[in-house]
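Engineer: The structure under discussion is supplied below as structure tokens; questions concerning it will follow.
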Amino acid sequence: MALKRMDNVGIVVEDLGVTIDFFRELGLELEGRATIEGEWAGRVTGLGDQHVEIAMMRTPDGHSRLELSRFLTPPVVADHRNAPVNALGYLRVMFTVDDIDDTLERLRARGAQLVGEVVQYKNVYRLCYIRGPEGLLIGLAQELS
């Protein structure tokens, strides 16, 4: 049996509303919000009885999703948001954008900070990393013609 697709990437956050607004500004669409709770969910995650608010964000092409989660119970036990990009197991998400300068300007208004600088890789991409809400590391790539 072959792999069909990558369904989503999960990110745990403290402020679901602020994070939703940030990713909307980036261009993702809110697909839906829900509360997940109970023993059945804990059997999947191994966390036991849990209560989680989630928001599913979809890219404009409909092929990729981010699942944003805010755990009410059990409480969050670790915080890796400000780890450098070379930390073991560290997660960053990269998005392709039409105009990296315009995107940076819009996201800075929502608190994004450029990690290093915008660089050009050959004549193929302009790239950068930013810290978004709650210190989340996000990559931006602009394809060059």
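Lettering and numbering for the structure tokens are positional, with chains as A, B, ... in the shown order, residues counted from 1 in each chain, and ligands counted from 1 in the shown order.
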Please return as a ChimeraX atom specification: the residues of stretch 17-142 of chain A that backbone DSSP assigns to alpha helix (DSSP H).
Structural biologist: /A:17-26,39-45,100-108
Engineer: I need the residues from that last selection saved to file as a PDB file, in the first residue's frame (with C-alpha atoms), if you can.
Structural biologist:
ATOM      1  CA  GLY A  17      -7.023  33.209  18.441  1.00  0.00           C
ATOM      2  CA  VAL A  18      -3.816  35.190  17.912  1.00  0.00           C
ATOM      3  CA  THR A  19      -2.234  32.261  16.071  1.00  0.00           C
ATOM      4  CA  ILE A  20      -5.274  31.819  13.808  1.00  0.00           C
ATOM      5  CA  ASP A  21      -5.188  35.540  12.947  1.00  0.00           C
ATOM      6  CA  PHE A  22      -1.464  35.348  12.145  1.00  0.00           C
ATOM      7  CA  PHE A  23      -1.836  32.391   9.782  1.00  0.00           C
ATOM      8  CA  ARG A  24      -4.890  34.030   8.164  1.00  0.00           C
ATOM      9  CA  GLU A  25      -2.720  37.077   7.463  1.00  0.00           C
ATOM     10  CA  LEU A  26      -0.154  34.752   5.893  1.00  0.00           C
ATOM     11  CA  GLU A  39     -10.976   8.995  26.720  1.00  0.00           C
ATOM     12  CA  TRP A  40     -11.062   8.031  23.014  1.00  0.00           C
ATOM     13  CA  ALA A  41      -8.813  10.973  22.072  1.00  0.00           C
ATOM     14  CA  GLY A  42      -6.369  10.091  24.818  1.00  0.00           C
ATOM     15  CA  ARG A  43      -6.050   6.591  23.416  1.00  0.00           C
ATOM     16  CA  VAL A  44      -4.746   8.105  20.170  1.00  0.00           C
ATOM     17  CA  THR A  45      -2.269  10.525  21.795  1.00  0.00           C
ATOM     18  CA  ILE A 100       8.425  37.861   0.400  1.00  0.00           C
ATOM     19  CA  ASP A 101       8.828  41.608   1.115  1.00  0.00           C
ATOM     20  CA  ASP A 102       5.075  42.250   1.151  1.00  0.00           C
ATOM     21  CA  THR A 103       4.499  39.145   3.279  1.00  0.00           C
ATOM     22  CA  LEU A 104       7.130  40.257   5.803  1.00  0.00           C
ATOM     23  CA  GLU A 105       5.587  43.714   6.018  1.00  0.00           C
ATOM     24  CA  ARG A 106       2.109  42.297   6.687  1.00  0.00           C
ATOM     25  CA  LEU A 107       3.346  39.743   9.234  1.00  0.00           C
ATOM     26  CA  ARG A 108       5.550  42.263  11.078  1.00  0.00           C
TER      27      ARG A 108
END
Engineer: Please provide the set of residues having any atom within 7 Å of A:Val119, restricted to only C-alpha atoms, with same-chain residues fewer than 3 positions apart removed, written as a ChimeraX atom specification.
Structural biologist: /A:126-128
Engineer: When you draw a straight line from atom CA of A:Thr35 to atom CA of A:Glu134, how long is it in Å?
Structural biologist: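 Here the two named atoms are 21.2 Å from each other.
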Engineer: From the options A:Asp99, A:Leu28, A:Asp15, A:Leu137, which residue's atoms come nearest to A:His63, counting only C-alpha atoms?
Structural biologist: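 Between A:Asp99, A:Leu28, A:Asp15, A:Leu137, the residue approaching A:His63 most closely is A:Leu28.
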Engineer: When distances are computed from only C-alpha atoms, which of A:Arg5, A:Arg92, A:His51, A:Arg110 shows the smallest separation from A:Thr73?
Structural biologist: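 Under the stated criterion, the closest residue is A:His51.
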Engineer: Report, in Å with one decimal, the straight-line distance from atom CA of A:Gln50 to atom CA of A:Ser64.
Structural biologist: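 That distance, rounded to one decimal, is 25.8 Å.
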Engineer: Apply DSSP to the structure's backbone, then extract all residues of stretch 19-137 of chain A labelled strand (DSSP E) and return them as a ChimeraX atom specification.
Structural biologist: /A:29-38,50-58,65-73,93-96,113-114,119-121,125-131,137
Engineer: Would you mind exporting the chosen residues as a compact mmCIF listing (two decimals), in the first residue's frame, restricted to C-alpha atoms?
Structural biologist:
# COMPACT_ATOMS: atom_id res chain seq x y z
CA GLU A 29 -7.92 29.73 5.52
CA LEU A 30 -9.66 28.62 8.70
CA GLU A 31 -11.23 25.30 7.76
CA GLY A 32 -12.84 24.76 11.15
CA ARG A 33 -12.57 24.82 14.93
CA ALA A 34 -13.53 22.12 17.39
CA THR A 35 -13.05 20.87 20.91
CA ILE A 36 -11.61 17.39 21.20
CA GLU A 37 -11.99 15.66 24.54
CA GLY A 38 -12.49 12.38 26.22
CA GLN A 50 -7.63 15.27 27.39
CA HIS A 51 -9.46 18.47 26.53
CA VAL A 52 -8.05 20.32 23.50
CA GLU A 53 -9.28 23.21 21.37
CA ILE A 54 -8.16 22.83 17.75
CA ALA A 55 -8.28 24.92 14.61
CA MET A 56 -7.57 23.46 11.18
CA MET A 57 -5.93 25.92 8.78
CA ARG A 58 -5.77 25.12 5.05
CA ARG A 65 -3.07 21.93 6.53
CA LEU A 66 -1.87 23.11 9.93
CA GLU A 67 -3.65 21.78 12.99
CA LEU A 68 -3.31 24.36 15.76
CA SER A 69 -3.99 22.91 19.23
CA ARG A 70 -4.47 24.52 22.63
CA PHE A 71 -4.36 21.95 25.43
CA LEU A 72 -6.59 22.70 28.40
CA THR A 73 -5.89 19.30 30.00
CA VAL A 93 7.03 25.07 8.66
CA MET A 94 7.90 26.68 5.33
CA PHE A 95 5.50 28.40 2.98
CA THR A 96 5.97 29.60 -0.59
CA GLN A 113 10.41 39.09 13.62
CA LEU A 114 12.99 38.26 10.98
CA VAL A 119 18.80 35.67 1.28
CA GLN A 120 18.83 34.59 -2.33
CA TYR A 121 19.65 31.03 -3.31
CA TYR A 125 14.52 31.40 -4.40
CA ARG A 126 14.54 34.25 -1.91
CA LEU A 127 14.32 32.73 1.57
CA CYS A 128 14.03 33.74 5.20
CA TYR A 129 12.98 32.51 8.62
CA ILE A 130 10.71 34.48 10.90
CA ARG A 131 9.48 34.05 14.45
CA LEU A 137 9.69 29.35 13.56
Engineer: Work out how far apart atom CA of A:Gly48 and atom CA of A:Pro74 are and give it in Å to one decimal.
Structural biologist: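 Between atom CA of A:Gly48 and atom CA of A:Pro74 the gap is 8.3 Å.
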Engineer: Let me make sure I understand: among A:Leu91, A:Val97, A:Val124, A:Leu136, which one has the smallest atom-to-atom distance to A:Ala112 if we use only C-alpha atoms?
Structural biologist: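 The answer is A:Leu136, which sits nearest to A:Ala112.
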Engineer: Pick from A:Val77, A:Ile11, A:Val118, A:Ala2: nearest to A:Ala141, with only C-alpha atoms counted?
Structural biologist: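 Residue with the minimum atom-to-atom distance to A:Ala141: A:Val118.
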